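Engineer: I have a structure here, written as structure tokens, and I will follow up with some questions on it.
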Amino acid sequence: MGKVKSFVVAGASVIAALLVVATPASAHRESITHGSDEAFTDSTHLVITACDREADGNGVRAEYETWSTTRIFSVGDANGSASGCGSELSENGYEIYRFRVCEANVGCSRWEYTDS
Ligand SMILES: [Ca+2]
């Protein structure tokens with residue numbers, strides 16, 4: 001029994017090591033907040049999410065630019081402050097370069113850069 005357990009643990013360590021090697025150091029979840037509202041990317045920087053966490057009637061959206069263009073794309077949290085956020089894949093398929101969270105009638109956070 002002891003031998004079986006050691007084997008399983010060793011195997012898991014090898015898999016974990018391979019995952020670490022395959023993931024660039026800079027690729028991780030990035031987040032920016034504005035009050036309680038938040039915009040964040042997933043670890044691939046290809047998916048952006050906007051979360052409205054303030055029940056104040058001001059809609060929330062995430063704005064972002066990708067590495068291929070200076071055009072600003074955006075995605076909103078369609079159901080407002082109700083549970084659940086709004087997210088989308090990068091609209092032109094490129095990694096997100098920078099993003100911010102904006103609250104209607106109030107303003108936006110600073111830009112968060114995914115390479116920082
Ligand atoms: Ca919501």
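Ordering of the structure tokens sets the chain letters (A, B, ...); residue numbers start at 1 within each chain; ligands are numbered from 1 in the order shown.
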Counting only C-alpha atoms and all ligand atoms, which residues of chain A sit at most 9 Å from some atom of ligand 1, and what is each one's closest atom pair with its distance in Å to one decimal, listed by chain and rising residue number, as CSV?
Structural biologist:
```
residue,atom,partner,partner_atom_place_in_ligand_line,distance
A:Ala50,CA,ligand 1,1 (Ca),8.2
A:Cys51,CA,ligand 1,1 (Ca),5.8
A:Asp52,CA,ligand 1,1 (Ca),5.1
A:Arg53,CA,ligand 1,1 (Ca),6.9
A:Val60,CA,ligand 1,1 (Ca),8.7
A:Asp77,CA,ligand 1,1 (Ca),5.3
A:Ala78,CA,ligand 1,1 (Ca),6.5
A:Asn79,CA,ligand 1,1 (Ca),4.7
A:Gly80,CA,ligand 1,1 (Ca),4.4
A:Ser81,CA,ligand 1,1 (Ca),4.3
A:Ala82,CA,ligand 1,1 (Ca),4.3
A:Ser83,CA,ligand 1,1 (Ca),4.8
A:Gly84,CA,ligand 1,1 (Ca),4.4
A:Cys85,CA,ligand 1,1 (Ca),4.4
A:Gly86,CA,ligand 1,1 (Ca),6.9
```
Engineer: Determine, counting only C-alpha atoms, which protein, DNA and RNA residues have an atom within 9 Å of an atom of range 107-110 of chain A; residues of the same chain fewer than 5 positions away are not included. Present the result as a PyMOL selection string.
Structural biologist: chain A and resi 32-35+99-102
Engineer: Since we have the selection now, will you write its residues out, keeping C-alpha atoms, as a compact mmCIF listing (two decimals), in the first residue's frame?
Structural biologist:
```
# COMPACT_ATOMS: atom_id res chain seq x y z
CA ILE A 32 -8.57 45.43 -12.18
CA THR A 33 -11.28 46.81 -9.94
CA HIS A 34 -13.33 50.01 -9.74
CA GLY A 35 -15.04 50.09 -6.37
CA PHE A 99 -8.09 46.30 -20.23
CA ARG A 100 -10.09 48.32 -17.74
CA VAL A 101 -13.46 48.20 -16.04
CA CYS A 102 -15.97 50.99 -16.65
```
Engineer: Of the residues A:Ala39, A:Ala55, A:Ile48, A:Leu89, which is the one nearest to Trp111 in chain A, using only C-alpha atoms?
Structural biologist: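 Using only C-alpha atoms, Trp111 in chain A sits closest to A:Ala39.
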Engineer: In terms of the shortest atom-to-atom distance over only C-alpha atoms, which of A:Asp56, A:Glu103, A:Glu91, A:Asp115 is closest to Ser43 in chain A?
Structural biologist: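 Nearest to Ser43 in chain A: A:Asp115.
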Engineer: I'd like the interatomic distance between CA of Arg98 in chain A and CA of His45 in chain A, to a tenth of an Å.
Structural biologist: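 Interatomic distance, CA of Arg98 in chain A to CA of His45 in chain A: 9.4 Å.
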Engineer: Between CA of Glu30 in chain A and CA of Asn105 in chain A, what distance in Å does the model show, to one decimal?
Structural biologist: 24.8 Å
Engineer: Could you check which of A:Thr49, A:Ser87, A:Ala104, A:Asn92 is closest to Thr70 in chain A, using only C-alpha atoms?
Structural biologist: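 Ranked by minimum distance to Thr70 in chain A, first place goes to A:Asn92.
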Engineer: Can you measure CA of Tyr94 in chain A to CA of Gly59 in chain A for me? One decimal in Å is fine.
Structural biologist: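 Pair CA of Tyr94 in chain A / CA of Gly59 in chain A returns 26.0 Å.
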Engineer: Using only C-alpha atoms, which protein or nucleic acid residues come within 8 Å of Trp67 in chain A? Drop anything in the same chain fewer than 2 positions from it, and give the result as number ranges by chain.
Structural biologist: A: 65, 69-70, 94-97
Engineer: For Thr41 in chain A, which residue out of A:Gly76, A:Gly93, A:Thr66, A:Thr114 is the nearest one, using only C-alpha atoms?
Structural biologist: A:Thr114
Engineer: Would you return as a VMD selection string the members of range 22-116 of chain A that DSSP assigns to strand (DSSP E) on this structure's backbone?
Structural biologist: chain A and resid 30 to 34 37 to 41 47 to 51 60 to 66 73 to 76 86 to 89 96 to 103 107 to 108 112 to 113
Engineer: For Arg71 in chain A, which of A:Ser31, A:Val47, A:Ser90, A:Asp37 is the closest residue, counting only C-alpha atoms?
Structural biologist: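 So, comparing all the options, the nearest one is A:Ser90.
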